[in-house]
Each structure stands twice: as structure tokens, then as C-alpha cells.
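Right, one structure below, let's go through it.
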Amino acid sequence: MKNIERIIEEQGFYASTVVGISMYPMLRNRRDTVIISPVDGRLKKYDIPLYRRGDAYVLHRIVRVLPESYIICGDNCMELEYGITDEQIIGVLTGFYRDDKMADINGFLYGIYVRVWCFLYPIRRLGKRIKLAVRKKGV
């Protein structure tokens with residue numbers, strides 16, 4: 001089986017159904033299809049790179065750009081990932097299909113979603129911690 005890097009190099013893009021819930025609600029497990037394209041220069045805040053973490057491929061959002069690395073987090077994740085470098089990045093999300101319809105990731109509504117979702121990160125994280133504490137106490 002060809003690896004994703006080779007497919008991007010040969011075809012100019014990679015398309016696949018996503019597996020996992022780390023980017024929910026934007027990307028739905030085994031339902032939505034992403035288009036990954038080669039990276040052209042440094043990525044920006046809110047871009048969604050595909051990168052390697054060990055043997056795994058990960059598709060998460062950049063929440064902060066640092067001079068030598070990125071801070072990245074999945075839309076449905078609570079822990080930030082530090083130290084992701086350009087060398088680890090294989091490609092970047094340039095589009096996705098939801099229910100056979102291409103989403104406009106350059107559109108106004110997507111821009112609002114991204115900014116609101118990232119802005120609410122501290123509140124979502126606090127809510128998740130409270131929920132876990134309640135479950136742990138059995139209340």
C-alpha cells in the first residue's frame with residue numbers, strides 16, 4: 001500500500017474518509033472526506049495540517065504559530081500538542097466533503113465556526129473537567 005506522502009507527491013493531493021472523532025463536529029467519523037494538498041510555505045493559525053505522530057497520521061487544527069513550531073489541537077480534543085514542526089507536516093486540508101457536498105473552507109460561515117470554536121476552547125475544557133469530576137464522584 002502506498003503511503004500518503006507518496007500519493008500527494010504523485011497525484012498532487014490525497015483524498016480519504018476520516019477515521020476518528022478528534023475533529024468532530026467539523027469532520028464526522030467515517031462519513032466525511034478530506035482533501036489534503038501539499039504545503040506551500042509556513043502554515044497559519046486555523047489551518048489543518050496532516051502530520052505524523054510516530055507511525056500515526058493526525059489531522060488537527062493549528063491554534064498558535066510559533067517561530068519554529070506549531071501548537072495544535074483537534075476540534076474535539078482538550079489537550080494541546082506542542083512542538084509540531086514543519087518537518088512532521090505532510091500536507092494541509094484544502095477542502096472536505098460532507099454528505100457529498102464540498103464545504104467552503106474559505107467562506108464566511110466556516111470562518112465564523114473556526115473562530116468561535118477556538119475562542120470557546122477554555123470553556124469547553126472547563127466543562128469537560130467538571131463533567132469528569134462529577135462522574136468520578138458518582139453524582
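As shown in the C-alpha cells, the chain order sets the letters A, B, ...; within each chain, residues go from 1, and ligands are also counted from 1 in the order they appear.
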Could you please write out, as number ranges by chain, every residue of chain A that DSSP assigns to helix (DSSP H, G or I)?
A: 4-11, 86-88, 108-119, 121-137
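Look at A:Asp40: the protein and nucleic acid residues within 12 Å of it, using only C-alpha atoms and passing over chain neighbours fewer than 4 places away, are Lys44, Pro49, Asp86, Ile89, Ile90, Gly91, Val92, Leu93 and Thr94 of chain A.
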Output all heavy atoms for every residue in that selection, as a PDB file, in the first residue's frame.
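Saved file again_32.pdb follows:
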```pdb
ATOM      1  N   LYS A  44      -0.692  28.791   8.723  1.00  0.00           N
ATOM      2  CA  LYS A  44      -1.235  29.870   9.537  1.00  0.00           C
ATOM      3  C   LYS A  44      -2.148  29.316  10.620  1.00  0.00           C
ATOM      4  O   LYS A  44      -2.581  28.164  10.551  1.00  0.00           O
ATOM      5  CB  LYS A  44      -2.037  30.838   8.659  1.00  0.00           C
ATOM      6  CG  LYS A  44      -1.262  31.442   7.504  1.00  0.00           C
ATOM      7  CD  LYS A  44      -2.113  32.345   6.638  1.00  0.00           C
ATOM      8  CE  LYS A  44      -3.328  31.755   6.037  1.00  0.00           C
ATOM      9  NZ  LYS A  44      -3.242  30.791   4.986  1.00  0.00           N
ATOM     10  N   PRO A  49      -3.283  20.922   9.363  1.00  0.00           N
ATOM     11  CA  PRO A  49      -2.272  20.086   8.715  1.00  0.00           C
ATOM     12  C   PRO A  49      -2.503  18.602   8.994  1.00  0.00           C
ATOM     13  O   PRO A  49      -3.057  18.221  10.026  1.00  0.00           O
ATOM     14  CB  PRO A  49      -0.973  20.549   9.370  1.00  0.00           C
ATOM     15  CG  PRO A  49      -1.385  20.993  10.739  1.00  0.00           C
ATOM     16  CD  PRO A  49      -2.776  21.568  10.566  1.00  0.00           C
ATOM     17  N   ASP A  86       7.460  21.853  10.974  1.00  0.00           N
ATOM     18  CA  ASP A  86       7.183  21.761   9.542  1.00  0.00           C
ATOM     19  C   ASP A  86       7.644  20.425   8.963  1.00  0.00           C
ATOM     20  O   ASP A  86       7.031  19.915   8.026  1.00  0.00           O
ATOM     21  CB  ASP A  86       7.863  22.911   8.792  1.00  0.00           C
ATOM     22  CG  ASP A  86       7.192  24.249   9.070  1.00  0.00           C
ATOM     23  OD1 ASP A  86       5.963  24.335   8.943  1.00  0.00           O
ATOM     24  OD2 ASP A  86       7.908  25.212   9.416  1.00  0.00           O
ATOM     25  N   ILE A  89       4.951  17.756   9.071  1.00  0.00           N
ATOM     26  CA  ILE A  89       3.729  18.026   8.324  1.00  0.00           C
ATOM     27  C   ILE A  89       3.842  17.484   6.901  1.00  0.00           C
ATOM     28  O   ILE A  89       4.803  17.749   6.191  1.00  0.00           O
ATOM     29  CB  ILE A  89       3.409  19.533   8.351  1.00  0.00           C
ATOM     30  CG1 ILE A  89       3.115  19.947   9.796  1.00  0.00           C
ATOM     31  CG2 ILE A  89       2.242  19.857   7.429  1.00  0.00           C
ATOM     32  CD1 ILE A  89       2.916  21.423  10.009  1.00  0.00           C
ATOM     33  N   ILE A  90       2.824  16.722   6.518  1.00  0.00           N
ATOM     34  CA  ILE A  90       2.780  16.045   5.225  1.00  0.00           C
ATOM     35  C   ILE A  90       1.965  16.842   4.216  1.00  0.00           C
ATOM     36  O   ILE A  90       2.280  16.888   3.035  1.00  0.00           O
ATOM     37  CB  ILE A  90       2.161  14.640   5.411  1.00  0.00           C
ATOM     38  CG1 ILE A  90       3.064  13.817   6.301  1.00  0.00           C
ATOM     39  CG2 ILE A  90       1.890  13.967   4.081  1.00  0.00           C
ATOM     40  CD1 ILE A  90       2.368  12.673   6.971  1.00  0.00           C
ATOM     41  N   GLY A  91       0.901  17.450   4.670  1.00  0.00           N
ATOM     42  CA  GLY A  91       0.019  18.219   3.800  1.00  0.00           C
ATOM     43  C   GLY A  91      -0.935  19.041   4.626  1.00  0.00           C
ATOM     44  O   GLY A  91      -0.869  19.034   5.864  1.00  0.00           O
ATOM     45  N   VAL A  92      -1.822  19.730   3.965  1.00  0.00           N
ATOM     46  CA  VAL A  92      -2.777  20.595   4.658  1.00  0.00           C
ATOM     47  C   VAL A  92      -4.166  20.402   4.044  1.00  0.00           C
ATOM     48  O   VAL A  92      -4.301  20.202   2.836  1.00  0.00           O
ATOM     49  CB  VAL A  92      -2.324  22.074   4.604  1.00  0.00           C
ATOM     50  CG1 VAL A  92      -2.302  22.603   3.185  1.00  0.00           C
ATOM     51  CG2 VAL A  92      -3.168  22.948   5.511  1.00  0.00           C
ATOM     52  N   LEU A  93      -5.180  20.451   4.879  1.00  0.00           N
ATOM     53  CA  LEU A  93      -6.556  20.320   4.422  1.00  0.00           C
ATOM     54  C   LEU A  93      -6.902  21.510   3.530  1.00  0.00           C
ATOM     55  O   LEU A  93      -6.749  22.655   3.938  1.00  0.00           O
ATOM     56  CB  LEU A  93      -7.512  20.281   5.617  1.00  0.00           C
ATOM     57  CG  LEU A  93      -8.971  20.134   5.228  1.00  0.00           C
ATOM     58  CD1 LEU A  93      -9.436  18.722   5.526  1.00  0.00           C
ATOM     59  CD2 LEU A  93      -9.822  21.125   5.973  1.00  0.00           C
ATOM     60  N   THR A  94      -7.353  21.208   2.313  1.00  0.00           N
ATOM     61  CA  THR A  94      -7.759  22.279   1.398  1.00  0.00           C
ATOM     62  C   THR A  94      -9.240  22.186   1.055  1.00  0.00           C
ATOM     63  O   THR A  94      -9.758  23.035   0.337  1.00  0.00           O
ATOM     64  CB  THR A  94      -6.917  22.252   0.107  1.00  0.00           C
ATOM     65  OG1 THR A  94      -6.959  20.940  -0.462  1.00  0.00           O
ATOM     66  CG2 THR A  94      -5.483  22.657   0.394  1.00  0.00           C
TER      67      THR A  94
END
```
Looking at only C-alpha atoms, which of A:Val18, A:Ile112, A:Ile105, A:Ile84 is the one that sits closest to A:Asp47?
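With only C-alpha atoms as the atom set, the closest residue is A:Ile105.
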Identify, on the basis of only C-alpha atoms, every residue whose closest approach to A:Gly74 does not exceed 8 Å; exclude the query and any residue fewer than 2 positions from it along the same chain; express the result as a VMD selection string.
chain A and resid 22 to 23 59 to 61 72 76 to 78
Write out as an mmCIF file with N, CA, C and O atoms, in the first residue's frame the residues lying within 12 Å of A:Glu5, counting only C-alpha atoms and excluding same-chain residues fewer than 4 positions away.
```cif
data_model
loop_
_atom_site.group_PDB
_atom_site.id
_atom_site.type_symbol
_atom_site.label_atom_id
_atom_site.label_comp_id
_atom_site.auth_asym_id
_atom_site.auth_seq_id
_atom_site.Cartn_x
_atom_site.Cartn_y
_atom_site.Cartn_z
ATOM 1 N N MET A 1 0.842 -1.193 0.000
ATOM 2 C CA MET A 1 0.000 0.000 0.000
ATOM 3 C C MET A 1 0.883 1.251 0.000
ATOM 4 O O MET A 1 1.876 1.321 0.705
ATOM 5 N N GLU A 9 2.626 13.310 -3.515
ATOM 6 C CA GLU A 9 3.692 13.630 -4.464
ATOM 7 C C GLU A 9 3.303 13.242 -5.897
ATOM 8 O O GLU A 9 3.514 14.005 -6.835
ATOM 9 N N GLU A 10 2.704 12.067 -6.059
ATOM 10 C CA GLU A 10 2.354 11.575 -7.391
ATOM 11 C C GLU A 10 1.091 12.209 -7.955
ATOM 12 O O GLU A 10 1.013 12.513 -9.139
ATOM 13 N N GLN A 11 0.067 12.375 -7.111
ATOM 14 C CA GLN A 11 -1.234 12.856 -7.578
ATOM 15 C C GLN A 11 -1.456 14.359 -7.375
ATOM 16 O O GLN A 11 -2.381 14.923 -7.947
ATOM 17 N N GLY A 12 -0.677 14.964 -6.491
ATOM 18 C CA GLY A 12 -0.865 16.382 -6.189
ATOM 19 C C GLY A 12 -1.869 16.641 -5.087
ATOM 20 O O GLY A 12 -2.080 17.776 -4.679
ATOM 21 N N PHE A 13 -2.503 15.569 -4.587
ATOM 22 C CA PHE A 13 -3.446 15.676 -3.470
ATOM 23 C C PHE A 13 -3.717 14.270 -2.947
ATOM 24 O O PHE A 13 -3.355 13.270 -3.568
ATOM 25 N N TYR A 14 -4.377 14.213 -1.796
ATOM 26 C CA TYR A 14 -4.791 12.939 -1.209
ATOM 27 C C TYR A 14 -6.217 13.121 -0.720
ATOM 28 O O TYR A 14 -6.532 14.111 -0.055
ATOM 29 N N ALA A 15 -7.094 12.190 -1.049
ATOM 30 C CA ALA A 15 -8.483 12.237 -0.595
ATOM 31 C C ALA A 15 -8.785 10.975 0.183
ATOM 32 O O ALA A 15 -8.406 9.877 -0.232
ATOM 33 N N ILE A 36 -6.392 16.593 1.047
ATOM 34 C CA ILE A 36 -5.123 17.057 1.598
ATOM 35 C C ILE A 36 -4.209 17.414 0.434
ATOM 36 O O ILE A 36 -4.013 16.604 -0.479
ATOM 37 N N SER A 37 -3.645 18.606 0.466
ATOM 38 C CA SER A 37 -2.757 19.090 -0.592
ATOM 39 C C SER A 37 -1.372 19.367 -0.024
ATOM 40 O O SER A 37 -1.213 19.517 1.195
ATOM 41 N N PRO A 38 -0.377 19.475 -0.901
ATOM 42 C CA PRO A 38 0.970 19.794 -0.422
ATOM 43 C C PRO A 38 0.993 21.157 0.272
ATOM 44 O O PRO A 38 0.205 22.046 -0.053
ATOM 45 N N VAL A 39 1.912 21.304 1.192
ATOM 46 C CA VAL A 39 2.070 22.566 1.919
ATOM 47 C C VAL A 39 2.929 23.503 1.082
ATOM 48 O O VAL A 39 3.939 23.095 0.516
ATOM 49 N N LEU A 50 -2.045 17.784 8.059
ATOM 50 C CA LEU A 50 -1.921 16.349 8.279
ATOM 51 C C LEU A 50 -0.464 16.131 8.625
ATOM 52 O O LEU A 50 0.426 16.543 7.875
ATOM 53 N N TYR A 51 -0.201 15.530 9.775
ATOM 54 C CA TYR A 51 1.179 15.332 10.210
ATOM 55 C C TYR A 51 1.336 13.952 10.820
ATOM 56 O O TYR A 51 0.364 13.256 11.101
ATOM 57 N N ARG A 52 2.588 13.581 10.990
ATOM 58 C CA ARG A 52 2.907 12.288 11.594
ATOM 59 C C ARG A 52 3.202 12.456 13.071
ATOM 60 O O ARG A 52 3.917 13.351 13.477
ATOM 61 N N TYR A 57 -0.979 8.980 11.476
ATOM 62 C CA TYR A 57 -1.280 10.230 10.796
ATOM 63 C C TYR A 57 -2.323 10.968 11.627
ATOM 64 O O TYR A 57 -3.283 10.369 12.105
ATOM 65 N N GLN A 88 7.380 17.522 10.255
ATOM 66 C CA GLN A 88 6.393 16.485 10.545
ATOM 67 C C GLN A 88 5.153 16.600 9.659
ATOM 68 O O GLN A 88 4.398 15.646 9.519
ATOM 69 N N ILE A 89 4.951 17.756 9.071
ATOM 70 C CA ILE A 89 3.729 18.026 8.324
ATOM 71 C C ILE A 89 3.842 17.484 6.901
ATOM 72 O O ILE A 89 4.803 17.749 6.191
ATOM 73 N N ILE A 90 2.824 16.722 6.518
ATOM 74 C CA ILE A 90 2.780 16.045 5.225
ATOM 75 C C ILE A 90 1.965 16.842 4.216
ATOM 76 O O ILE A 90 2.280 16.888 3.035
ATOM 77 N N GLY A 91 0.901 17.450 4.670
ATOM 78 C CA GLY A 91 0.019 18.219 3.800
ATOM 79 C C GLY A 91 -0.935 19.041 4.626
ATOM 80 O O GLY A 91 -0.869 19.034 5.864
ATOM 81 N N VAL A 92 -1.822 19.730 3.965
ATOM 82 C CA VAL A 92 -2.777 20.595 4.658
ATOM 83 C C VAL A 92 -4.166 20.402 4.044
ATOM 84 O O VAL A 92 -4.301 20.202 2.836
#
```
Just want the 12 Å neighbourhood of A:Leu120, counted on only C-alpha atoms, with same-chain residues fewer than 6 positions away dropped. Output as a list of chain:residue names.
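The contact residues come out as A:Asp75, A:Asn76, A:Met78, A:Tyr113, A:Val114, A:Leu126, A:Gly127.
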With DSSP run on the backbone, what are the strand (DSSP E or B) residues within stretch 39-120 of chain A? I'd like them as a tab-separated table (two decimals) with C-alpha atoms, in the first residue's frame.
```tsv
chain	number	residue	atom	x	y	z
A	49	PRO	CA	-2.27	20.09	8.71
A	50	LEU	CA	-1.92	16.35	8.28
A	51	TYR	CA	1.18	15.33	10.21
A	52	ARG	CA	2.91	12.29	11.59
A	53	ARG	CA	2.92	11.44	15.28
A	56	ALA	CA	0.10	7.58	13.11
A	57	TYR	CA	-1.28	10.23	10.80
A	58	VAL	CA	-3.05	13.09	12.61
A	59	LEU	CA	-5.29	15.83	11.21
A	61	ARG	CA	-6.06	22.43	13.76
A	62	ILE	CA	-3.25	24.93	14.36
A	63	VAL	CA	-4.20	27.13	17.28
A	64	ARG	CA	-0.92	29.04	17.52
A	65	VAL	CA	2.05	29.58	15.23
A	70	TYR	CA	3.05	24.97	15.96
A	71	ILE	CA	0.61	24.38	18.80
A	72	ILE	CA	-2.11	22.09	17.50
A	73	CYS	CA	-5.38	20.70	18.84
A	81	GLU	CA	0.02	19.43	21.26
A	82	TYR	CA	3.24	21.41	21.39
A	83	GLY	CA	6.32	21.28	19.19
A	84	ILE	CA	4.82	20.12	15.89
A	89	ILE	CA	3.73	18.03	8.32
A	90	ILE	CA	2.78	16.04	5.23
A	91	GLY	CA	0.02	18.22	3.80
A	92	VAL	CA	-2.78	20.59	4.66
A	93	LEU	CA	-6.56	20.32	4.42
A	94	THR	CA	-7.76	22.28	1.40
A	95	GLY	CA	-11.33	21.03	1.38
A	96	PHE	CA	-13.76	18.43	2.63
A	97	TYR	CA	-16.98	16.81	1.56
A	98	ARG	CA	-19.93	16.47	3.90
A	101	LYS	CA	-21.30	18.43	-0.83
A	102	MET	CA	-17.99	20.30	-0.84
A	103	ALA	CA	-17.66	22.56	2.22
```
Distance criterion (only C-alpha atoms): nearest to A:Glu79 out of A:Ile8, A:Lys128, A:Phe108, A:Asp100
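Of the candidates, the smallest distance to A:Glu79 is held by A:Lys128.
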Quick one, how far is atom CA of A:Ile48 from atom CA of A:Leu109?
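Here the two named atoms are 16.7 Å from each other.
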